[in-house]
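**Q** What follows is the file entry.cif, containing mmCIF, C-alpha atoms, pLDDT in the B column; chains and numbers go by the auth columns:
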data_target
loop_
_atom_site.group_PDB
_atom_site.id
_atom_site.type_symbol
_atom_site.label_atom_id
_atom_site.label_comp_id
_atom_site.label_asym_id
_atom_site.label_seq_id
_atom_site.Cartn_x
_atom_site.Cartn_y
_atom_site.Cartn_z
_atom_site.B_iso_or_equiv
_atom_site.auth_seq_id
_atom_site.auth_asym_id
ATOM 1 C CA MET A 1 0.000 0.000 0.000 97.00 1 A
ATOM 2 C CA THR A 2 1.034 3.608 -0.463 97.00 2 A
ATOM 3 C CA ILE A 3 1.471 6.040 2.434 98.00 3 A
ATOM 4 C CA THR A 4 2.394 9.731 2.132 98.00 4 A
ATOM 5 C CA VAL A 5 4.739 10.979 4.849 98.00 5 A
ATOM 6 C CA LYS A 6 5.041 14.718 5.495 98.00 6 A
ATOM 7 C CA PHE A 7 7.963 16.228 7.374 98.00 7 A
ATOM 8 C CA TRP A 8 7.588 19.326 9.559 96.00 8 A
ATOM 9 C CA SER A 9 9.984 21.923 10.978 94.00 9 A
ATOM 10 C CA TYR A 10 13.656 20.924 10.897 94.00 10 A
ATOM 11 C CA PHE A 11 12.700 17.353 9.948 96.00 11 A
ATOM 12 C CA ARG A 12 12.265 18.778 6.431 97.00 12 A
ATOM 13 C CA ASP A 13 15.923 19.780 6.461 96.00 13 A
ATOM 14 C CA TYR A 14 16.987 16.384 7.793 96.00 14 A
ATOM 15 C CA ALA A 15 14.933 14.541 5.158 97.00 15 A
ATOM 16 C CA GLY A 16 15.855 16.957 2.360 97.00 16 A
ATOM 17 C CA CYS A 17 12.228 17.067 1.187 98.00 17 A
ATOM 18 C CA LEU A 18 8.744 18.111 2.279 98.00 18 A
ATOM 19 C CA GLU A 19 7.202 14.691 1.850 98.00 19 A
ATOM 20 C CA ALA A 20 7.871 11.150 0.695 98.00 20 A
ATOM 21 C CA VAL A 21 5.680 8.405 -0.717 98.00 21 A
ATOM 22 C CA ILE A 22 6.414 5.076 0.960 97.00 22 A
ATOM 23 C CA GLU A 23 5.338 1.624 -0.214 97.00 23 A
ATOM 24 C CA ILE A 24 4.637 -0.661 2.745 97.00 24 A
ATOM 25 C CA GLU A 25 2.882 -4.003 3.243 97.00 25 A
ATOM 26 C CA ASN A 26 -0.836 -4.108 4.059 97.00 26 A
ATOM 27 C CA GLY A 27 -1.563 -4.093 7.778 95.00 27 A
ATOM 28 C CA ALA A 28 1.698 -2.361 8.677 98.00 28 A
ATOM 29 C CA THR A 29 1.880 -0.317 11.852 98.00 29 A
ATOM 30 C CA LEU A 30 3.024 3.242 12.354 98.00 30 A
ATOM 31 C CA SER A 31 6.114 1.835 14.081 97.00 31 A
ATOM 32 C CA LYS A 32 7.067 -0.159 10.961 98.00 32 A
ATOM 33 C CA LEU A 33 6.584 2.915 8.775 98.00 33 A
ATOM 34 C CA HIS A 34 8.795 4.930 11.111 98.00 34 A
ATOM 35 C CA GLU A 35 11.543 2.294 10.834 98.00 35 A
ATOM 36 C CA ILE A 36 11.388 2.438 7.026 98.00 36 A
ATOM 37 C CA VAL A 37 11.485 6.244 7.031 98.00 37 A
ATOM 38 C CA CYS A 38 14.505 6.275 9.377 97.00 38 A
ATOM 39 C CA ASP A 39 16.279 3.804 7.077 97.00 39 A
ATOM 40 C CA GLN A 40 15.599 6.008 4.037 97.00 40 A
ATOM 41 C CA PHE A 41 16.391 9.260 5.874 97.00 41 A
ATOM 42 C CA PRO A 42 19.128 8.379 8.405 97.00 42 A
ATOM 43 C CA LYS A 43 19.361 11.903 9.835 96.00 43 A
ATOM 44 C CA LEU A 44 15.891 11.367 11.338 96.00 44 A
ATOM 45 C CA ALA A 45 17.001 8.285 13.266 95.00 45 A
ATOM 46 C CA ASP A 46 18.595 10.298 16.088 92.00 46 A
ATOM 47 C CA ALA A 47 15.157 11.689 16.984 92.00 47 A
ATOM 48 C CA LYS A 48 13.348 8.352 16.604 92.00 48 A
ATOM 49 C CA ASN A 49 12.365 8.069 20.272 92.00 49 A
ATOM 50 C CA SER A 50 10.996 11.610 20.470 92.00 50 A
ATOM 51 C CA THR A 51 9.278 11.952 17.078 96.00 51 A
ATOM 52 C CA LEU A 52 5.615 12.924 17.202 96.00 52 A
ATOM 53 C CA LYS A 53 3.481 11.078 14.646 97.00 53 A
ATOM 54 C CA ALA A 54 0.030 11.939 13.349 97.00 54 A
ATOM 55 C CA VAL A 55 -2.205 10.088 10.910 98.00 55 A
ATOM 56 C CA GLY A 56 -4.482 12.605 9.274 97.00 56 A
ATOM 57 C CA LEU A 57 -5.221 15.108 12.033 95.00 57 A
ATOM 58 C CA GLU A 58 -4.820 12.782 15.031 97.00 58 A
ATOM 59 C CA TYR A 59 -1.668 11.845 16.938 96.00 59 A
ATOM 60 C CA GLU A 60 -1.341 8.060 17.051 97.00 60 A
ATOM 61 C CA ASP A 61 0.827 5.562 18.909 96.00 61 A
ATOM 62 C CA ASP A 62 3.257 3.136 17.297 96.00 62 A
ATOM 63 C CA GLY A 63 0.733 0.277 17.247 98.00 63 A
ATOM 64 C CA PHE A 64 -1.688 2.147 14.982 98.00 64 A
ATOM 65 C CA VAL A 65 -2.485 0.057 11.878 98.00 65 A
ATOM 66 C CA LEU A 66 -2.151 2.056 8.671 98.00 66 A
ATOM 67 C CA SER A 67 -4.548 1.980 5.721 97.00 67 A
ATOM 68 C CA GLU A 68 -4.019 2.576 2.014 97.00 68 A
ATOM 69 C CA GLY A 69 -3.690 6.288 1.267 95.00 69 A
ATOM 70 C CA ASP A 70 -3.104 7.424 4.857 97.00 70 A
ATOM 71 C CA GLU A 71 -1.223 10.695 5.254 98.00 71 A
ATOM 72 C CA VAL A 72 1.278 10.567 8.101 98.00 72 A
ATOM 73 C CA SER A 73 3.073 13.589 9.551 97.00 73 A
ATOM 74 C CA PHE A 74 6.341 13.421 11.488 97.00 74 A
ATOM 75 C CA PHE A 75 7.043 16.290 13.867 95.00 75 A
ATOM 76 C CA PRO A 76 10.142 16.995 15.937 94.00 76 A
ATOM 77 C CA PRO A 77 9.723 17.090 19.710 85.00 77 A
ATOM 78 C CA VAL A 78 8.038 20.180 21.111 75.00 78 A
ATOM 79 C CA GLN A 79 10.484 22.698 22.526 64.00 79 A
ATOM 80 C CA GLY A 80 9.974 25.730 24.627 56.00 80 A
ATOM 81 C CA GLY A 81 9.614 26.704 28.170 53.00 81 A
#
Would you encode the structure as structure tokens?
**A**
Amino acid sequence: MTITVKFWSYFRDYAGCLEAVIEIENGATLSKLHEIVCDQFPKLADAKNSTLKAVGLEYEDDGFVLSEGDEVSFFPPVQGG
């Protein structure tokens, strides 16, 4: 199935693009997609444990099962204080 991944903030710089189209097996989880993205864009791997992930407009956990055509956004950790 095909999933569109969008990168936000400095993740765009790390990925070198605004978005990527990823082919992944049916029934894959958000965690599996994240692994594939980190393999394709190694600069994102350092932030793997703190990456915020949303499917559509909702934040989801790593066990979320993806569906054909989902749009996933990866955000860097929130900073401020």
**Q** Any idea what's packed within 6 Å of Ala28 in chain A, counting all atoms listed in the file, ignoring anything in its chain fewer than 3 positions away? Could you give it as a PyMOL selection string?
**A** chain A and resi 25+65-66
**Q** When you count all atoms listed in the file, which of these residues is closest to Ile3 in chain A: A:Gly56, A:Gly27, A:Pro42, A:Gly69?
**A** A:Gly69
**Q** What is the distance, in Å and to one decimal place, between CA of Ile22 in chain A and CA of Pro77 in chain A?
**A**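 Pair CA of Ile22 in chain A / CA of Pro77 in chain A returns 22.5 Å.
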**Q** Using all atoms listed in the file, pick whichever of A:Leu44, A:Asp39, A:Ser50, A:Phe7 has the shortest atom-to-atom distance to Asp62 in chain A.
**A**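 For Asp62 in chain A, the nearest of the candidates is A:Ser50.
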**Q** Which residue, A:Asp46, A:Asp13, A:Asp70, A:Asp61, has the smallest gap to Leu30 in chain A when you use all atoms listed in the file?
**A** A:Asp61
**Q** Running the PyMOL selection byres ((chain A and resi 74) around 7) on this model by hand, what would come out? Give it as a PyMOL selection string.
**A** chain A and resi 6-8+51-54+72-73+75-76
**Q** Distance CA of Ile24 in chain A-CA of Ala45 in chain A, one decimal place?
**A**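 So the two atoms, CA of Ile24 in chain A and CA of Ala45 in chain A, lie 18.5 Å apart.
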**Q** Could you tell me, as a PyMOL selection string, exactly which residues end up selected when the PyMOL selection byres ((chain A and resi 20) around 6) is applied to this structure?
**A** chain A and resi 4-5+19+21
**Q** Next, write the just-selected residues to a file, as an mmCIF file, keeping the file's coordinate frame, keeping C-alpha atoms as the atom set.
**A**
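As a result, part37.cif now contains:
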data_model
loop_
_atom_site.group_PDB
_atom_site.id
_atom_site.type_symbol
_atom_site.label_atom_id
_atom_site.label_comp_id
_atom_site.auth_asym_id
_atom_site.auth_seq_id
_atom_site.Cartn_x
_atom_site.Cartn_y
_atom_site.Cartn_z
ATOM 1 C CA THR A 4 2.394 9.731 2.132
ATOM 2 C CA VAL A 5 4.739 10.979 4.849
ATOM 3 C CA GLU A 19 7.202 14.691 1.850
ATOM 4 C CA VAL A 21 5.680 8.405 -0.717
#
**Q** Going by the chain IDs and residue numbers used in this file, which residues fall under the PyMOL selection byres ((chain A and resi 14) around 9)? Write them as a PyMOL selection string.
**A** chain A and resi 10-13+15-17+41-44
**Q** Ranking A:Val37, A:Leu18, A:Ala47, A:Met1 by minimum distance to Ser67 in chain A and counting all atoms listed in the file, which one comes first?
**A**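 Nearest to Ser67 in chain A: A:Met1.
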**Q** Please measure the separation of CA of Leu33 in chain A and CA of Val55 in chain A, giving the value in Å to one decimal.
**A** 11.5 Å
